[in-house]
Every structure is written in structure tokens, then in C-alpha cells.
file input_27.pdb (PDB, C-alpha atoms)
ATOM      1  CA  MET A   1      14.323 -19.272 -85.759  1.00  0.00           C
ATOM      2  CA  THR A   2      15.664 -20.079 -82.351  1.00  0.00           C
ATOM      3  CA  THR A   3      14.210 -18.789 -79.123  1.00  0.00           C
ATOM      4  CA  THR A   4      16.209 -17.788 -76.069  1.00  0.00           C
ATOM      5  CA  PRO A   5      15.473 -20.084 -73.147  1.00  0.00           C
ATOM      6  CA  PRO A   6      14.034 -18.364 -70.074  1.00  0.00           C
ATOM      7  CA  PRO A   7      16.491 -17.536 -67.308  1.00  0.00           C
ATOM      8  CA  PRO A   8      16.733 -20.062 -64.483  1.00  0.00           C
ATOM      9  CA  PRO A   9      14.615 -19.303 -61.412  1.00  0.00           C
ATOM     10  CA  PRO A  10      16.380 -17.496 -58.572  1.00  0.00           C
ATOM     11  CA  PRO A  11      17.697 -19.701 -55.787  1.00  0.00           C
ATOM     12  CA  PRO A  12      15.464 -20.000 -52.719  1.00  0.00           C
ATOM     13  CA  ALA A  13      15.996 -17.351 -50.096  1.00  0.00           C
ATOM     14  CA  ASP A  14      18.210 -18.276 -47.209  1.00  0.00           C
ATOM     15  CA  PRO A  15      16.057 -18.075 -44.034  1.00  0.00           C
ATOM     16  CA  THR A  16      19.157 -17.137 -42.035  1.00  0.00           C
ATOM     17  CA  ASP A  17      19.979 -14.206 -44.296  1.00  0.00           C
ATOM     18  CA  THR A  18      19.168 -10.931 -42.500  1.00  0.00           C
ATOM     19  CA  GLY A  19      19.943  -8.722 -45.451  1.00  0.00           C
ATOM     20  CA  PRO A  20      22.054  -5.604 -45.009  1.00  0.00           C
ATOM     21  CA  LEU A  21      21.153  -5.335 -41.315  1.00  0.00           C
ATOM     22  CA  THR A  22      23.484  -6.970 -38.826  1.00  0.00           C
ATOM     23  CA  PRO A  23      22.326  -8.945 -35.769  1.00  0.00           C
ATOM     24  CA  THR A  24      23.330  -5.947 -33.659  1.00  0.00           C
ATOM     25  CA  ASP A  25      21.067  -3.750 -35.796  1.00  0.00           C
ATOM     26  CA  HIS A  26      18.137  -6.073 -35.155  1.00  0.00           C
ATOM     27  CA  ARG A  27      18.769  -6.133 -31.415  1.00  0.00           C
ATOM     28  CA  ALA A  28      19.154  -2.350 -31.291  1.00  0.00           C
ATOM     29  CA  LEU A  29      15.880  -1.912 -33.188  1.00  0.00           C
ATOM     30  CA  ALA A  30      14.208  -4.424 -30.883  1.00  0.00           C
ATOM     31  CA  PHE A  31      15.261  -2.360 -27.867  1.00  0.00           C
ATOM     32  CA  LEU A  32      14.091   0.889 -29.449  1.00  0.00           C
ATOM     33  CA  GLY A  33      10.814  -0.770 -30.383  1.00  0.00           C
ATOM     34  CA  HIS A  34      10.401  -1.854 -26.770  1.00  0.00           C
ATOM     35  CA  VAL A  35      11.030   1.736 -25.614  1.00  0.00           C
ATOM     36  CA  ASN A  36       8.544   3.008 -28.177  1.00  0.00           C
ATOM     37  CA  GLY A  37       5.922   0.519 -27.009  1.00  0.00           C
ATOM     38  CA  SER A  38       6.488   1.394 -23.353  1.00  0.00           C
ATOM     39  CA  LEU A  39       6.139   5.102 -24.134  1.00  0.00           C
ATOM     40  CA  ARG A  40       2.871   4.438 -25.973  1.00  0.00           C
ATOM     41  CA  GLN A  41       1.572   2.323 -23.100  1.00  0.00           C
ATOM     42  CA  CYS A  42       2.483   5.017 -20.563  1.00  0.00           C
ATOM     43  CA  LEU A  43       0.941   7.879 -22.557  1.00  0.00           C
ATOM     44  CA  CYS A  44      -2.263   5.954 -23.195  1.00  0.00           C
ATOM     45  CA  THR A  45      -2.539   4.983 -19.540  1.00  0.00           C
ATOM     46  CA  LEU A  46      -2.049   8.580 -18.377  1.00  0.00           C
ATOM     47  CA  ALA A  47      -4.621   9.787 -20.901  1.00  0.00           C
ATOM     48  CA  ARG A  48      -7.166   7.251 -19.633  1.00  0.00           C
ATOM     49  CA  HIS A  49      -6.550   8.429 -16.070  1.00  0.00           C
ATOM     50  CA  GLY A  50      -7.129  11.955 -17.366  1.00  0.00           C
ATOM     51  CA  VAL A  51     -10.413  10.974 -19.011  1.00  0.00           C
ATOM     52  CA  ALA A  52     -11.555   9.456 -15.723  1.00  0.00           C
ATOM     53  CA  LEU A  53     -10.588  12.594 -13.803  1.00  0.00           C
ATOM     54  CA  ARG A  54     -12.280  14.889 -16.340  1.00  0.00           C
ATOM     55  CA  ARG A  55     -15.504  12.867 -16.259  1.00  0.00           C
ATOM     56  CA  ASP A  56     -15.733  12.115 -12.532  1.00  0.00           C
ATOM     57  CA  THR A  57     -14.500  15.413 -11.053  1.00  0.00           C
ATOM     58  CA  PRO A  58     -14.823  18.061 -13.789  1.00  0.00           C
ATOM     59  CA  GLU A  59     -14.349  20.992 -11.392  1.00  0.00           C
ATOM     60  CA  ARG A  60     -11.053  19.603 -10.109  1.00  0.00           C
ATOM     61  CA  ALA A  61      -9.907  18.904 -13.674  1.00  0.00           C
ATOM     62  CA  ARG A  62     -10.759  22.460 -14.735  1.00  0.00           C
ATOM     63  CA  LEU A  63      -8.868  24.008 -11.815  1.00  0.00           C
ATOM     64  CA  LEU A  64      -5.813  21.836 -12.431  1.00  0.00           C
ATOM     65  CA  LEU A  65      -5.666  22.768 -16.113  1.00  0.00           C
ATOM     66  CA  ASP A  66      -6.290  26.463 -15.420  1.00  0.00           C
ATOM     67  CA  THR A  67      -3.343  26.407 -13.023  1.00  0.00           C
ATOM     68  CA  VAL A  68      -0.789  24.736 -15.289  1.00  0.00           C
ATOM     69  CA  ARG A  69      -1.793  26.191 -18.679  1.00  0.00           C
ATOM     70  CA  PRO A  70       0.257  29.418 -18.282  1.00  0.00           C
ATOM     71  CA  TRP A  71       3.421  27.530 -17.304  1.00  0.00           C
ATOM     72  CA  PRO A  72       6.193  27.025 -19.888  1.00  0.00           C
ATOM     73  CA  LEU A  73       6.412  23.352 -18.922  1.00  0.00           C
ATOM     74  CA  TYR A  74       2.816  22.825 -20.058  1.00  0.00           C
ATOM     75  CA  LYS A  75       3.324  24.802 -23.267  1.00  0.00           C
ATOM     76  CA  GLY A  76       6.595  23.017 -24.019  1.00  0.00           C
ATOM     77  CA  GLY A  77       4.896  19.680 -23.532  1.00  0.00           C
ATOM     78  CA  GLN A  78       2.147  20.696 -25.953  1.00  0.00           C
ATOM     79  CA  PHE A  79       4.784  21.699 -28.512  1.00  0.00           C
ATOM     80  CA  LEU A  80       6.644  18.388 -28.198  1.00  0.00           C
ATOM     81  CA  PHE A  81       3.382  16.447 -28.269  1.00  0.00           C
ATOM     82  CA  ASP A  82       2.469  18.016 -31.613  1.00  0.00           C
ATOM     83  CA  LEU A  83       5.999  18.025 -33.032  1.00  0.00           C
ATOM     84  CA  MET A  84       6.629  14.342 -32.314  1.00  0.00           C
ATOM     85  CA  GLU A  85       3.100  13.375 -33.413  1.00  0.00           C
ATOM     86  CA  TRP A  86       2.506  11.390 -30.243  1.00  0.00           C
ATOM     87  CA  GLU A  87      -1.226  11.367 -30.935  1.00  0.00           C
ATOM     88  CA  ASP A  88      -0.590   9.215 -34.023  1.00  0.00           C
ATOM     89  CA  LEU A  89       1.549   6.902 -31.912  1.00  0.00           C
ATOM     90  CA  MET A  90      -1.165   6.565 -29.262  1.00  0.00           C
ATOM     91  CA  VAL A  91      -4.176   5.912 -31.478  1.00  0.00           C
ATOM     92  CA  ASP A  92      -2.444   3.714 -34.079  1.00  0.00           C
ATOM     93  CA  GLY A  93      -3.465   0.104 -33.538  1.00  0.00           C
ATOM     94  CA  ASP A  94      -5.232  -1.682 -30.724  1.00  0.00           C
ATOM     95  CA  PRO A  95      -5.179   0.002 -27.301  1.00  0.00           C
ATOM     96  CA  PRO A  96      -2.216  -1.154 -25.192  1.00  0.00           C
ATOM     97  CA  PRO A  97      -2.790  -2.671 -21.745  1.00  0.00           C
ATOM     98  CA  VAL A  98      -2.908  -0.297 -18.793  1.00  0.00           C
ATOM     99  CA  MET A  99       0.508   0.343 -17.281  1.00  0.00           C
ATOM    100  CA  PRO A 100       0.526  -0.131 -13.486  1.00  0.00           C
ATOM    101  CA  THR A 101       0.642   3.191 -11.681  1.00  0.00           C
ATOM    102  CA  GLU A 102       3.549   2.143  -9.468  1.00  0.00           C
ATOM    103  CA  ARG A 103       5.606   1.477 -12.602  1.00  0.00           C
ATOM    104  CA  ILE A 104       4.966   5.011 -13.859  1.00  0.00           C
ATOM    105  CA  VAL A 105       5.783   6.460 -10.442  1.00  0.00           C
ATOM    106  CA  ALA A 106       8.978   4.393 -10.187  1.00  0.00           C
ATOM    107  CA  ALA A 107      10.148   5.627 -13.603  1.00  0.00           C
ATOM    108  CA  CYS A 108       9.561   9.264 -12.600  1.00  0.00           C
ATOM    109  CA  THR A 109      10.945   9.138  -9.054  1.00  0.00           C
ATOM    110  CA  LEU A 110      14.592   9.826  -9.849  1.00  0.00           C
ATOM    111  CA  PRO A 111      13.903  12.681 -12.349  1.00  0.00           C
ATOM    112  CA  VAL A 112      11.593  14.337  -9.813  1.00  0.00           C
ATOM    113  CA  GLN A 113      14.235  13.982  -7.092  1.00  0.00           C
ATOM    114  CA  LEU A 114      16.895  15.514  -9.333  1.00  0.00           C
ATOM    115  CA  ILE A 115      14.617  18.426 -10.246  1.00  0.00           C
ATOM    116  CA  ALA A 116      13.761  18.951  -6.584  1.00  0.00           C
ATOM    117  CA  ALA A 117      17.450  19.010  -5.672  1.00  0.00           C
ATOM    118  CA  ALA A 118      18.286  21.368  -8.543  1.00  0.00           C
ATOM    119  CA  THR A 119      15.548  23.853  -7.621  1.00  0.00           C
ATOM    120  CA  GLN A 120      16.117  23.746  -3.877  1.00  0.00           C
ATOM    121  CA  GLU A 121      17.280  27.080  -2.558  1.00  0.00           C
ATOM    122  CA  ALA A 122      20.925  26.952  -1.571  1.00  0.00           C
ATOM    123  CA  PRO A 123      21.825  28.291   1.880  1.00  0.00           C
ATOM    124  CA  GLY A 124      22.984  31.879   1.703  1.00  0.00           C
ATOM    125  CA  VAL A 125      26.491  32.919   2.665  1.00  0.00           C
ATOM    126  CA  THR A 126      26.413  35.653   5.255  1.00  0.00           C
ATOM    127  CA  LYS A 127      29.988  36.776   4.882  1.00  0.00           C
ATOM    128  CA  LEU A 128      32.916  36.294   2.576  1.00  0.00           C
ATOM    129  CA  VAL A 129      34.973  33.288   3.580  1.00  0.00           C
ATOM    130  CA  PRO A 130      37.856  31.611   1.737  1.00  0.00           C
ATOM    131  CA  GLY A 131      36.605  29.055  -0.754  1.00  0.00           C
ATOM    132  CA  GLN A 132      32.954  30.093  -0.707  1.00  0.00           C
ATOM    133  CA  ARG A 133      32.791  30.476  -4.482  1.00  0.00           C
ATOM    134  CA  THR A 134      34.118  26.942  -4.997  1.00  0.00           C
ATOM    135  CA  THR A 135      31.690  25.664  -2.399  1.00  0.00           C
ATOM    136  CA  ALA A 136      28.786  27.403  -4.124  1.00  0.00           C
ATOM    137  CA  ALA A 137      29.842  26.000  -7.498  1.00  0.00           C
ATOM    138  CA  LEU A 138      29.974  22.467  -6.086  1.00  0.00           C
ATOM    139  CA  ASP A 139      26.810  22.784  -4.045  1.00  0.00           C
ATOM    140  CA  LEU A 140      24.369  21.734  -6.789  1.00  0.00           C
ATOM    141  CA  PRO A 141      26.389  18.733  -8.054  1.00  0.00           C
ATOM    142  CA  LEU A 142      26.852  17.568  -4.464  1.00  0.00           C
ATOM    143  CA  ARG A 143      23.130  17.859  -3.784  1.00  0.00           C
ATOM    144  CA  LEU A 144      22.356  15.908  -6.969  1.00  0.00           C
ATOM    145  CA  LEU A 145      24.885  13.257  -5.948  1.00  0.00           C
ATOM    146  CA  ALA A 146      23.389  13.037  -2.468  1.00  0.00           C
ATOM    147  CA  THR A 147      19.890  12.711  -3.919  1.00  0.00           C
ATOM    148  CA  THR A 148      21.019   9.942  -6.282  1.00  0.00           C
ATOM    149  CA  ALA A 149      22.777   8.090  -3.482  1.00  0.00           C
ATOM    150  CA  ARG A 150      19.746   8.394  -1.220  1.00  0.00           C
ATOM    151  CA  SER A 151      17.365   7.097  -3.889  1.00  0.00           C
ATOM    152  CA  THR A 152      19.757   4.229  -4.645  1.00  0.00           C
ATOM    153  CA  LEU A 153      19.885   3.209  -0.999  1.00  0.00           C
ATOM    154  CA  LEU A 154      16.113   3.446  -0.669  1.00  0.00           C
ATOM    155  CA  GLY A 155      15.674   1.374  -3.814  1.00  0.00           C
ATOM    156  CA  ALA A 156      18.129  -1.253  -2.594  1.00  0.00           C
ATOM    157  CA  ALA A 157      16.348  -1.420   0.751  1.00  0.00           C
ATOM    158  CA  GLN A 158      12.990  -1.838  -0.989  1.00  0.00           C
ATOM    159  CA  ASP A 159      14.377  -4.541  -3.266  1.00  0.00           C
ATOM    160  CA  LEU A 160      15.752  -6.376  -0.235  1.00  0.00           C
ATOM    161  CA  THR A 161      12.376  -6.065   1.480  1.00  0.00           C
ATOM    162  CA  ASP A 162      10.657  -7.472  -1.588  1.00  0.00           C
ATOM    163  CA  LEU A 163      13.067 -10.393  -1.745  1.00  0.00           C
ATOM    164  CA  LEU A 164      12.664 -11.242   1.942  1.00  0.00           C
ATOM    165  CA  GLY A 165       8.946 -10.557   2.058  1.00  0.00           C
ATOM    166  CA  PRO A 166       6.052 -12.699   0.856  1.00  0.00           C
ATOM    167  CA  SER A 167       6.405 -13.704  -2.762  1.00  0.00           C
ATOM    168  CA  THR A 168       3.975 -12.401  -5.341  1.00  0.00           C
ATOM    169  CA  THR A 169       2.433 -14.305  -8.189  1.00  0.00           C
ATOM    170  CA  PRO A 170       5.224 -14.688 -10.807  1.00  0.00           C
ATOM    171  CA  ASP A 171       2.940 -14.150 -13.779  1.00  0.00           C
ATOM    172  CA  ASP A 172       4.023 -10.623 -14.602  1.00  0.00           C
ATOM    173  CA  ASP A 173       6.871 -10.773 -17.098  1.00  0.00           C
ATOM    174  CA  ALA A 174       7.908  -7.210 -16.279  1.00  0.00           C
ATOM    175  CA  GLY A 175       8.596  -8.115 -12.664  1.00  0.00           C
ATOM    176  CA  TYR A 176       5.823  -6.049 -11.096  1.00  0.00           C
ATOM    177  CA  ALA A 177       3.166  -7.208  -8.689  1.00  0.00           C
ATOM    178  CA  THR A 178      -0.036  -8.342 -10.349  1.00  0.00           C
ATOM    179  CA  ASP A 179      -2.239  -6.472  -7.859  1.00  0.00           C
ATOM    180  CA  PRO A 180      -0.438  -3.190  -7.134  1.00  0.00           C
ATOM    181  CA  GLU A 181      -1.477  -1.012  -4.251  1.00  0.00           C
ATOM    182  CA  PRO A 182      -3.225   2.157  -5.477  1.00  0.00           C
ATOM    183  CA  VAL A 183      -0.870   5.119  -5.692  1.00  0.00           C
ATOM    184  CA  THR A 184      -3.204   7.943  -6.603  1.00  0.00           C
ATOM    185  CA  ASP A 185      -6.111   9.614  -4.838  1.00  0.00           C
ATOM    186  CA  ASP A 186      -8.517   8.277  -7.463  1.00  0.00           C
ATOM    187  CA  THR A 187     -10.997   5.549  -6.625  1.00  0.00           C
ATOM    188  CA  VAL A 188     -11.394   4.436 -10.250  1.00  0.00           C
ATOM    189  CA  THR A 189     -11.078   0.672 -10.563  1.00  0.00           C
ATOM    190  CA  GLU A 190     -11.637   0.440 -14.313  1.00  0.00           C
ATOM    191  CA  LEU A 191     -10.330   3.212 -16.523  1.00  0.00           C
ATOM    192  CA  PRO A 192     -12.470   4.558 -19.367  1.00  0.00           C
ATOM    193  CA  PRO A 193     -11.247   4.095 -22.939  1.00  0.00           C
ATOM    194  CA  LEU A 194      -8.881   6.506 -24.607  1.00  0.00           C
ATOM    195  CA  GLU A 195     -10.489   9.523 -26.273  1.00  0.00           C
ATOM    196  CA  ALA A 196      -8.593  10.833 -29.285  1.00  0.00           C
ATOM    197  CA  GLY A 197      -9.033  14.414 -30.368  1.00  0.00           C
ATOM    198  CA  PHE A 198      -8.854  17.894 -28.912  1.00  0.00           C
ATOM    199  CA  TYR A 199      -8.606  16.830 -25.263  1.00  0.00           C
ATOM    200  CA  LEU A 200      -5.903  14.190 -25.684  1.00  0.00           C
ATOM    201  CA  TYR A 201      -2.941  16.274 -24.503  1.00  0.00           C
ATOM    202  CA  GLU A 202      -5.007  17.739 -21.658  1.00  0.00           C
ATOM    203  CA  ASP A 203      -6.008  14.226 -20.632  1.00  0.00           C
ATOM    204  CA  ILE A 204      -2.334  13.204 -20.477  1.00  0.00           C
ATOM    205  CA  VAL A 205      -1.561  16.218 -18.286  1.00  0.00           C
ATOM    206  CA  LEU A 206      -4.505  15.474 -16.001  1.00  0.00           C
ATOM    207  CA  GLY A 207      -3.484  11.829 -15.811  1.00  0.00           C
ATOM    208  CA  ALA A 208       0.105  12.770 -14.957  1.00  0.00           C
ATOM    209  CA  LEU A 209      -1.069  15.119 -12.204  1.00  0.00           C
ATOM    210  CA  SER A 210      -3.331  12.393 -10.861  1.00  0.00           C
ATOM    211  CA  VAL A 211      -0.857   9.508 -10.961  1.00  0.00           C
ATOM    212  CA  LEU A 212       2.240  11.524  -9.992  1.00  0.00           C
ATOM    213  CA  GLY A 213       0.450  13.860  -7.606  1.00  0.00           C
ATOM    214  CA  PRO A 214       1.585  12.087  -4.397  1.00  0.00           C
ATOM    215  CA  LEU A 215       5.185  11.936  -5.671  1.00  0.00           C
ATOM    216  CA  LEU A 216       5.201  15.639  -6.537  1.00  0.00           C
ATOM    217  CA  ALA A 217       3.563  16.528  -3.226  1.00  0.00           C
ATOM    218  CA  ASP A 218       6.326  14.721  -1.333  1.00  0.00           C
ATOM    219  CA  HIS A 219       8.866  17.123  -2.864  1.00  0.00           C
ATOM    220  CA  ALA A 220       6.877  20.326  -2.383  1.00  0.00           C
ATOM    221  CA  PRO A 221       8.644  23.178  -0.526  1.00  0.00           C
ATOM    222  CA  THR A 222       8.012  23.196   3.191  1.00  0.00           C
ATOM    223  CA  ASP A 223       6.747  26.787   2.971  1.00  0.00           C
ATOM    224  CA  PRO A 224       5.615  27.227  -0.638  1.00  0.00           C
ATOM    225  CA  ALA A 225       5.192  30.726  -1.983  1.00  0.00           C
ATOM    226  CA  PRO A 226       1.657  31.636  -3.079  1.00  0.00           C
ATOM    227  CA  SER A 227       0.927  31.188  -6.765  1.00  0.00           C
ATOM    228  CA  ALA A 228       1.174  34.312  -8.889  1.00  0.00           C
TER
END
call {"tool": "encode", "arguments": {"input": "input_27.pdb", "output": "C-alpha cells"}}
result
Amino acid sequence: MTTTPPPPPPPPADPTDTGPLTPTDHRALAFLGHVNGSLRQCLCTLARHGVALRRDTPERARLLLDTVRPWPLYKGGQFLFDLMEWEDLMVDGDPPPVMPTERIVAACTLPVQLIAAATQEAPGVTKLVPGQRTTAALDLPLRLLATTARSTLLGAAQDLTDLLGPSTTPDDDAGYATDPEPVTDDTVTELPPLEAGFYLYEDIVLGALSVLGPLLADHAPTDPAPSA
């Protein structure tokens, strides 16, 4: 009786073989992974600022939350936080390093400026004049364009100032100063650890109000209406 010889072993895997994914796929996933990591770092940093605010000034934290809880923006954020399972993203793995506050503020400056321009009350038209409807229709896009141009010029001026000013220690791969100037009103020098659980979303909101508070205050109406 003859036996069938075993099949030959498979050839060694080619280390350059990337499988069905193309090099572009890998680069695209690398970029999305970077975005995902930056989002996790930002959320965790804001939450730690919120923990510090809730522990150090509980009365201020309570008043801030009581003010924003009825607003649709707060409720929509809670819905997205739960729907996208951001808590799992934040607590999965080792805690990320703290994101510098000026980096968070810089990322939010343009969106805040656009929202401020979009919600600014347009000047009223006292009488019917030719072309007023076209002017009104173009008013918002023109204001958004002006806001974008202004922020671009300010950013270019700041970049030029940074280039001509004293050099900072080039150890930060992201291109940010290693010892940023404090942006918030908080005097916390070392943030407490992240606290997962019931207060996590509230801590993110408190942290956002703390870190972005000066930026939001700069765009407040000159004569704000009293809160309802």
C-alpha cells in the first residue's frame, strides 16, 4: 500500500506584500488613525480639565452645567457622545498625553468665528431699495468670507511673528511650543486623571467651557440679551 506524500510547505510570505490593501489604503488609514488619536487626546484632555473644575470649584461647575443643560447643543452633544461610543474610545488603552490648550483653542477658532458671523444680526433695511433682496441673500456669505479672510490674515501675521521672534525648543514634533502660555482662567498646573463613568460627558463640557471660555467670550454680543 502506497501513501500519499504530504503537500510541500507554503512558500515564505513576501514581507513587501501588503495583501488586498493598496499603499494608498494604508496611507489613508494612517491619516484617519491620526485623526482618531487626536480626537481621543482632545476629549481626554477636556475631560481632565472638567474634573479639575468640578473638584476645585464645584459651585461654578454646577452653575455652568445648570445653564447649558436645557440647550439643544448640550443635548445633541450628549446624543452624539453616546451614539458614537466616545467613552469607549477615551478609556480604551493607556491615557493619552495632555493636549496643549492653545492647540485646542487654535483648532476651534475658525469654527467659532464662522458661527459668530452666521448668528450676528444683519443690519435692518429701513426702506425698499433696488437690489436689497440680493444684498440680504449675499450678506451672510460675505460676512463668512470676511471672517475667514480676517482669521487668515491674523494667522499669517502670527506665523510671521513666530518666525521672526525668539525660537522655541524644537522638541515638539507637532510644532507647538513646549511651554505654552496658559489660555484659561484655571490655575491648575497638573490635571487630575480621567474619571470614566456617569460624569464623563459633563466633564468634557466643563473642560470645553473652561479651555474655550476666553475664545467664546471674545465673540459674545456687545449687548447680550438676558438668559431666559
call {"tool": "atom_distance", "arguments": {"input": "input_27.pdb", "atom1": "atom CA of Leu194 of chain A", "atom2": "atom CA of Val51 of chain A"}}
result
7.3 Å
call {"tool": "resolve_selection", "arguments": {"input": "input_27.pdb", "expression": "the PyMOL selection byres ((chain A and resi 42) around 12)", "output": "JSON, numbers by chain"}}
result
{"A": [35, 36, 37, 38, 39, 40, 41, 43, 44, 45, 46, 47, 48, 49, 86, 89, 90, 95, 96, 97, 98, 99, 100, 101, 102, 103, 104, 105, 107, 108, 204, 207, 208, 211]}
call {"tool": "atom_distance", "arguments": {"input": "input_27.pdb", "atom1": "atom CA of Ala118 of chain A", "atom2": "atom CA of His219 of chain A"}}
result
11.8 Å
call {"tool": "residues_around", "arguments": {"input": "input_27.pdb", "residues": "Leu206 of chain A", "least_positions_apart": "2", "cutoff": "12 Å", "atoms": "all atoms listed in the file", "output": "ChimeraX atom specification"}}
result
/A:43,45-55,57-58,60-69,74,186,199-204,208-213
call {"tool": "axis_aligned_box", "arguments": {"input": "input_27.pdb", "around": "segment 22-31 of chain A", "padding_each_side": "3 Å", "output": "AutoDock Vina command-line options"}}
result
--center_x 18.8 --center_y -5.4 --center_z -33.3 --size_x 15.3 --size_y 13.0 --size_z 17.0
